[in-house]
>>> print(open('target-v6.cif').read())   # mmCIF, C-alpha atoms and all ligand atoms
data_input
#
loop_
_atom_site.label_atom_id
_atom_site.label_comp_id
_atom_site.auth_asym_id
_atom_site.auth_seq_id
_atom_site.Cartn_x
_atom_site.Cartn_y
_atom_site.Cartn_z
CA MET D 1053 221.70 80.55 293.15
CA VAL D 1054 222.97 81.07 289.57
CA ARG D 1055 220.43 83.12 287.71
CA PRO D 1056 220.16 82.44 283.96
CA THR D 1057 221.66 84.97 281.58
CA ASP D 1058 220.46 83.27 278.40
CA PRO D 1059 218.46 85.66 276.19
CA SER D 1060 215.39 83.42 275.88
CA ALA D 1061 214.87 83.14 279.64
CA LEU D 1062 215.48 86.87 280.06
CA SER D 1063 213.11 87.62 277.18
CA GLU D 1064 210.31 85.81 278.99
CA PHE D 1065 210.97 87.95 282.06
CA ALA D 1066 211.07 91.08 279.87
CA VAL D 1067 207.62 90.17 278.52
CA GLU D 1068 206.30 89.67 282.05
CA LEU D 1069 207.73 93.06 283.05
CA ALA D 1070 206.37 94.87 279.99
CA ARG D 1071 202.89 93.46 280.40
CA GLY D 1072 202.76 94.13 284.15
CA ALA D 1073 204.02 97.69 283.72
CA GLY D 1074 201.63 98.18 280.82
CA ARG D 1075 198.68 97.30 283.03
CA LEU D 1076 199.83 99.89 285.58
CA ALA D 1077 200.16 102.56 282.88
CA TYR D 1078 196.77 101.65 281.36
CA ASP D 1079 195.05 101.92 284.75
CA GLY D 1080 197.06 105.01 285.70
CA ARG D 1081 195.86 106.89 282.64
CA ARG D 1082 192.25 106.33 283.74
CA ALA D 1083 192.81 107.79 287.20
CA HIS D 1084 194.02 111.22 288.24
CA PHE D 1085 197.74 111.78 287.64
CA ASP D 1086 200.05 114.74 288.10
CA VAL D 1087 202.22 116.12 285.28
CA VAL D 1088 205.50 118.00 285.70
CA THR D 1089 208.10 119.12 283.15
CA LYS D 1090 211.78 118.13 282.82
CA SER D 1091 214.28 119.61 280.33
CA THR D 1092 211.83 122.05 278.69
CA PRO D 1093 208.15 123.04 279.18
CA THR D 1094 207.22 120.45 276.52
CA ASP D 1095 209.27 117.60 278.09
CA MET D 1096 206.68 116.12 280.42
CA VAL D 1097 206.72 113.37 283.03
CA THR D 1098 203.84 112.09 285.13
CA ASP D 1099 203.74 110.39 288.48
CA VAL D 1100 202.57 107.31 286.54
CA ASP D 1101 205.91 107.26 284.67
CA ARG D 1102 207.68 107.24 288.02
CA GLN D 1103 205.36 104.67 289.63
CA VAL D 1104 205.72 102.33 286.66
CA GLU D 1105 209.51 102.62 286.67
CA ALA D 1106 209.59 101.99 290.42
CA TRP D 1107 207.48 98.83 289.94
CA LEU D 1108 209.77 97.62 287.14
CA ILE D 1109 212.90 98.14 289.23
CA ASP D 1110 211.40 96.54 292.33
CA THR D 1111 210.21 93.51 290.34
CA ILE D 1112 213.59 93.06 288.64
CA LEU D 1113 215.60 93.35 291.86
CA ARG D 1114 213.38 90.96 293.78
CA ARG D 1115 214.01 88.34 291.09
CA ARG D 1116 217.55 89.32 290.01
CA PRO D 1117 219.24 91.41 292.70
CA ASP D 1118 222.67 91.42 291.00
CA ASP D 1119 221.52 93.00 287.70
CA ALA D 1120 222.24 96.58 286.59
CA ILE D 1121 219.44 98.96 285.64
CA LEU D 1122 219.16 102.13 283.52
CA GLY D 1123 215.78 103.83 283.73
CA GLU D 1124 214.54 107.02 282.06
CA GLU D 1125 213.21 108.50 285.27
CA GLY D 1126 216.44 108.16 287.18
CA GLY D 1127 216.25 104.57 288.34
CA GLY D 1128 219.85 103.62 287.65
CA ARG D 1129 222.14 101.18 289.45
CA THR D 1130 225.25 99.13 288.70
CA GLY D 1131 225.30 95.35 288.91
CA THR D 1132 227.62 92.36 288.95
CA SER D 1133 225.73 89.82 286.80
CA GLY D 1134 226.62 91.17 283.35
CA VAL D 1135 222.91 91.82 282.72
CA ARG D 1136 221.54 95.36 282.49
CA TRP D 1137 217.88 96.29 282.10
CA ILE D 1138 217.21 99.43 280.02
CA LEU D 1139 213.76 100.77 280.85
CA ASP D 1140 211.37 103.37 279.50
CA PRO D 1141 208.30 103.14 281.71
CA ILE D 1142 206.15 105.20 279.36
CA ASP D 1143 207.67 105.96 275.96
CA GLY D 1144 205.37 108.56 274.45
CA THR D 1145 204.54 110.47 277.62
CA VAL D 1146 203.03 113.42 275.76
CA ASN D 1147 200.64 111.01 274.01
CA PHE D 1148 199.84 109.42 277.39
CA VAL D 1149 198.99 112.84 278.87
CA LEU D 1150 196.85 113.83 275.86
CA GLY D 1151 195.00 110.51 275.77
CA ILE D 1152 196.52 109.42 272.46
CA ALA D 1153 196.76 105.62 272.48
CA GLN D 1154 200.35 105.58 271.14
CA TYR D 1155 202.68 104.94 274.07
CA ALA D 1156 204.55 101.87 275.26
CA VAL D 1157 206.55 100.28 278.04
CA SER D 1158 209.98 99.49 276.62
CA VAL D 1159 212.17 96.83 278.29
CA ALA D 1160 215.56 95.97 276.78
CA VAL D 1161 217.91 93.30 278.14
CA GLU D 1162 221.60 94.02 277.67
CA ILE D 1163 223.84 91.00 278.27
CA ASP D 1164 227.62 91.54 278.27
CA SER D 1165 227.12 95.09 276.87
CA ARG D 1166 224.90 94.01 273.92
CA VAL D 1167 221.12 94.21 273.79
CA GLN D 1168 220.01 90.61 273.14
CA ALA D 1169 216.31 90.67 274.04
CA GLY D 1170 213.56 93.24 274.15
CA ALA D 1171 209.86 93.78 274.70
CA VAL D 1172 207.79 96.83 273.72
CA TYR D 1173 204.19 96.79 274.91
CA ASN D 1174 201.38 99.19 273.99
CA PRO D 1175 198.65 98.42 276.55
CA GLU D 1176 196.03 100.52 274.76
CA ALA D 1177 196.29 98.38 271.64
CA ASP D 1178 197.30 95.24 273.57
CA GLU D 1179 200.22 94.91 271.15
CA LEU D 1180 203.38 93.21 272.38
CA PHE D 1181 206.48 93.46 270.20
CA THR D 1182 209.27 91.07 271.13
CA ALA D 1183 212.68 90.08 269.81
CA VAL D 1184 215.58 87.87 270.82
CA GLU D 1185 218.90 88.34 269.01
CA GLY D 1186 219.12 85.89 266.10
CA ALA D 1187 215.59 84.54 266.68
CA GLY D 1188 213.38 87.03 264.87
CA ALA D 1189 210.86 89.70 265.84
CA PHE D 1190 207.21 89.15 266.69
CA LEU D 1191 203.96 91.06 267.25
CA ASN D 1192 201.67 89.10 269.58
CA GLY D 1193 203.46 85.96 268.45
CA ARG D 1194 203.26 86.69 264.71
CA ARG D 1195 206.67 86.95 263.00
CA LEU D 1196 207.49 90.37 261.52
CA SER D 1197 209.25 90.91 258.20
CA GLY D 1198 209.86 94.65 257.96
CA PRO D 1199 208.73 97.37 255.55
CA ARG D 1200 206.99 97.17 252.16
CA ALA D 1201 209.05 97.02 248.97
CA VAL D 1202 208.35 100.59 247.85
CA PRO D 1203 210.74 103.12 246.27
CA LEU D 1204 211.83 106.20 248.20
CA GLU D 1205 209.30 108.47 246.50
CA ARG D 1206 206.46 106.24 247.82
CA ALA D 1207 207.88 105.78 251.30
CA VAL D 1208 205.97 106.88 254.43
CA VAL D 1209 208.68 108.00 256.85
CA GLY D 1210 208.39 108.21 260.64
CA THR D 1211 210.31 110.77 262.63
CA GLY D 1212 210.28 112.85 265.80
CA PHE D 1213 211.37 116.28 266.99
CA GLY D 1214 213.34 117.38 270.03
CA TYR D 1215 212.03 119.20 273.04
CA ALA D 1216 214.37 122.20 272.59
CA ARG D 1217 212.89 124.86 270.29
CA PRO D 1218 216.06 125.71 268.27
CA ARG D 1219 216.72 122.03 267.50
CA ARG D 1220 213.05 121.51 266.62
CA ALA D 1221 213.12 124.39 264.12
CA ALA D 1222 216.18 122.91 262.40
CA GLN D 1223 214.59 119.45 262.37
CA ALA D 1224 211.44 120.91 260.79
CA THR D 1225 213.56 122.34 257.95
CA VAL D 1226 215.01 118.86 257.31
CA ALA D 1227 211.53 117.28 257.43
CA ALA D 1228 210.18 119.85 254.95
CA ALA D 1229 212.99 119.08 252.49
CA LEU D 1230 212.49 115.34 253.00
CA LEU D 1231 208.77 115.65 252.24
CA ASP D 1232 209.69 116.73 248.72
CA GLN D 1233 211.47 113.39 248.20
CA VAL D 1234 209.14 110.86 249.89
CA ALA D 1235 205.39 110.18 249.99
CA ASP D 1236 204.62 111.39 253.52
CA ILE D 1237 205.88 111.57 257.09
CA ARG D 1238 204.36 110.44 260.36
CA ARG D 1239 205.19 111.91 263.77
CA GLN D 1240 203.66 109.33 266.11
CA GLY D 1241 205.37 110.36 269.35
CA SER D 1242 206.97 107.15 270.60
CA ALA D 1243 210.37 106.10 269.28
CA SER D 1244 210.08 102.52 270.51
CA LEU D 1245 206.73 102.12 268.74
CA ASP D 1246 208.10 103.86 265.62
CA LEU D 1247 210.90 101.29 265.43
CA CYS D 1248 208.36 98.51 265.99
CA ALA D 1249 206.14 100.05 263.28
CA LEU D 1250 209.12 99.76 260.92
CA ALA D 1251 209.45 96.08 261.85
CA ALA D 1252 205.72 95.55 261.30
CA GLY D 1253 205.62 97.29 257.92
CA ARG D 1254 203.51 100.17 259.26
CA LEU D 1255 206.29 102.60 258.35
CA ASP D 1256 208.59 102.29 255.33
CA ALA D 1257 211.44 104.21 256.98
CA TYR D 1258 212.23 106.04 260.20
CA TYR D 1259 214.80 108.51 261.48
CA GLU D 1260 215.18 110.53 264.66
CA VAL D 1261 217.88 112.58 266.36
CA GLY D 1262 218.30 113.04 270.10
CA LEU D 1263 216.91 109.75 271.39
CA ASN D 1264 218.06 108.18 274.63
CA PRO D 1265 219.06 104.52 275.09
CA TRP D 1266 215.75 103.75 276.81
CA ASP D 1267 213.87 105.08 273.76
CA TRP D 1268 215.65 102.94 271.17
CA SER D 1269 217.20 99.85 272.83
CA ALA D 1270 214.31 97.38 272.62
CA GLY D 1271 212.66 98.77 269.47
CA LEU D 1272 215.95 98.75 267.59
CA LEU D 1273 216.40 95.03 268.24
CA VAL D 1274 212.82 94.40 267.07
CA ALA D 1275 213.50 96.33 263.84
CA VAL D 1276 216.82 94.56 263.19
CA GLU D 1277 215.36 91.12 263.92
CA ALA D 1278 212.54 91.89 261.46
CA GLY D 1279 215.24 92.36 258.79
CA CYS D 1280 215.58 96.15 258.82
CA ALA D 1281 218.83 98.03 258.25
CA VAL D 1282 219.32 100.46 261.15
CA SER D 1283 222.16 102.97 261.15
CA GLY D 1284 223.57 106.13 262.65
CA LEU D 1285 224.49 107.52 259.16
CA ARG D 1286 227.98 108.08 257.77
CA GLY D 1287 229.02 104.61 258.92
CA ARG D 1288 228.20 105.32 262.56
CA GLU D 1289 226.30 103.05 264.93
CA PRO D 1290 222.69 104.08 265.67
CA GLY D 1291 222.36 106.23 268.78
CA SER D 1292 221.51 109.68 270.10
CA GLN D 1293 223.09 111.47 267.14
CA MET D 1294 220.87 109.52 264.71
CA THR D 1295 218.76 106.41 264.66
CA ALA D 1296 217.58 105.67 261.09
CA GLY D 1297 216.13 102.51 259.59
CA THR D 1298 214.40 101.02 256.55
CA ARG D 1299 214.45 97.84 254.47
CA PRO D 1300 218.02 96.94 253.34
CA GLU D 1301 217.31 97.52 249.64
CA LEU D 1302 216.17 101.11 250.31
CA ALA D 1303 218.87 101.87 252.88
CA PRO D 1304 221.55 103.32 250.54
CA ALA D 1305 219.14 105.84 248.98
CA PHE D 1306 217.40 106.73 252.26
CA PHE D 1307 220.58 107.13 254.30
CA ALA D 1308 222.23 109.13 251.50
CA LEU D 1309 219.24 111.50 251.40
CA LEU D 1310 219.37 112.01 255.17
CA GLU D 1311 223.11 112.69 254.95
CA GLN D 1312 222.57 115.13 252.07
CA LEU D 1313 219.93 116.99 254.13
CA GLY D 1314 222.18 117.07 257.19
CA ALA D 1315 219.54 115.25 259.23
CA ASP D 1316 222.19 114.19 261.78
CA ASP D 1317 223.63 117.71 262.09
CA VAL D 1318 220.66 119.28 263.94
C1 LIG A 1 209.74 110.37 273.36
C2 LIG A 1 210.24 109.59 272.18
C3 LIG A 1 209.83 110.28 270.89
C4 LIG A 1 210.49 111.62 270.84
C5 LIG A 1 209.98 112.44 271.99
C6 LIG A 1 210.27 111.76 273.34
P1 LIG A 1 209.41 110.00 275.98
O1 LIG A 1 210.13 109.71 274.55
O2 LIG A 1 209.74 108.27 272.21
O3 LIG A 1 210.18 109.55 269.75
O4 LIG A 1 210.24 112.25 269.62
O5 LIG A 1 210.59 113.70 271.95
O6 LIG A 1 211.65 111.73 273.55
O7 LIG A 1 210.00 111.28 276.46
O8 LIG A 1 207.94 110.12 275.74
O9 LIG A 1 209.77 108.82 276.84
#
>>> encode(input="target-v6.cif", output="C-alpha cells", more="lines below")
Ligand code: LIP
Amino acid sequence: MVRPTDPSALSEFAVELARGAGRLAYDGRRAHFDVVTKSTPTDMVTDVDRQVEAWLIDTILRRRPDDAILGEEGGGRTGTSGVRWILDPIDGTVNFVLGIAQYAVSVAVEIDSRVQAGAVYNPEADELFTAVEGAGAFLNGRRLSGPRAVPLERAVVGTGFGYARPRRAAQATVAAALLDQVADIRRQGSASLDLCALAAGRLDAYYEVGLNPWDWSAGLLVAVEAGCAVSGLRGREPGSQMTAGTRPELAPAFFALLEQLGADDV
C-alpha cells in the first residue's frame, strides 16, 4: 500500500493527532500526575508528557509504519518513507504543571527533510493552529496574517529563558536592555504557542535561544505561512542558536537590535 506523502493529506493526519493528544493532555491535567526533572531542577516532565508522546507514536505507526519520528521525550526512530514526524507532546510543561492554560501539542510533518505541514493545538483554549507550506496559516480555520504594523518602540516582544541558571542570567541581561528599546516583553512559556501568537498578531515579535526542533518546527511554519520573517540572525537559519521572528517590514530593525545586544551569544 503506497501511503500518501502529500502535505495536505499529512496535514489532516497531523490535525487528528494534535487534537487526540490534546484531549489526553487536557484530561491528564485534571487527574493525578507525577512530575520529574530532566536537565536541571526547573526542566520538568510529567508522566502525561510521556503518555501523550506514546499515544502519538503508536497512532502514527499503526497508520504509517514506515515513517520516522523525533519526539521530545525520547520517542525517536528512523524510517524509509521520507516522512518524519517531529513531536512535542506538551510544549509548555511548566505551565501544564502549574495549571497555566498556555501549553500545546505540537506536531510537525517533515517531508524530504523540509517541514511542510504542522499543527499546534492548545486544548485549554480549544485553539488549533495549522499550516501547510505555500497554503497559508490558520487558527480554527480563520486565516492568519501576522503581527500589527507597529514600530519597534511600540512592539510587544515574546521570549523565553533557558533552564540552566548561567544562561538564564545572561538572557535576562539581554531582555533588560531590549526592554529599553521596545514597548514590553511577554514570557508565555511555550515556544510553539509564541510562534503561533506571532502569526495571529498576539505578539509583534519573538526571539528565543536554546529551543529544540520539537519546540519550533510546527510553530515556525505557522509563523512563516502567516507572512512573518523568521531568522536565526546574522544570515543564519532559525534553530537552537536563535529563533527570531516579526513582520517583514520590522525585521531589519528588530534583528539588528538583537544582534547588537548579542541575543544569540548567550
Ligand atoms: C519549553 C519551550 C519554552 C522554553 C522553555 C521550554 P517544554 O518547552 O516551549 O519556550 O522557554 O524553556 O523549553 O520544555 O515545555 O516542552
>>> closest_residue(input="target-v6.cif", among="D:Ala1189, D:Ala1201, D:Val1097, D:Ala1243", to="ligand LIG 1 (chain A)", atoms="only C-alpha atoms and all ligand atoms")
D:Ala1243
>>> residues_near_ligand(input="target-v6.cif", ligand="ligand LIG 1 (chain A)", cutoff="10 Å", atoms="all atoms listed in the file", output="ChimeraX atom specification")
/D:1090,1094-1097,1101,1124-1125,1139-1149,1154-1158,1210-1216,1220,1239-1247,1259-1264,1266-1268
>>> closest_residue(input="target-v6.cif", among="D:Thr1295, D:Gln1233, D:Thr1111, D:Ser1283", to="Glu1068 in chain D", atoms="only C-alpha atoms")
D:Thr1111
>>> atom_distance(input="target-v6.cif", atom1="CA of Pro1093 in chain D", atom2="CA of Pro1218 in chain D")
13.7 Å
>>> axis_aligned_box(input="target-v6.cif", around="range 1307-1313 of chain D", padding_each_side="5 Å", output="AutoDock Vina command-line options")
--center_x 221.2 --center_y 112.1 --center_z 253.3 --size_x 13.9 --size_y 19.9 --size_z 13.8
>>> closest_residue(input="target-v6.cif", among="D:Gly1287, D:Gly1279, D:Pro1300, D:Gly1072", to="Gly1188 in chain D", atoms="all atoms listed in the file")
D:Gly1279
>>> atom_distance(input="target-v6.cif", atom1="CA of Val1161 in chain D", atom2="CA of Gln1293 in chain D")
21.9 Å
>>> residues_around(input="target-v6.cif", residues="Glu1301 in chain D", least_positions_apart="4", cutoff="12 Å", atoms="all atoms listed in the file", output="JSON, numbers by chain")
{"D": [1198, 1199, 1200, 1201, 1202, 1203, 1204, 1256, 1257, 1279, 1280, 1281, 1297, 1305, 1306, 1307]}
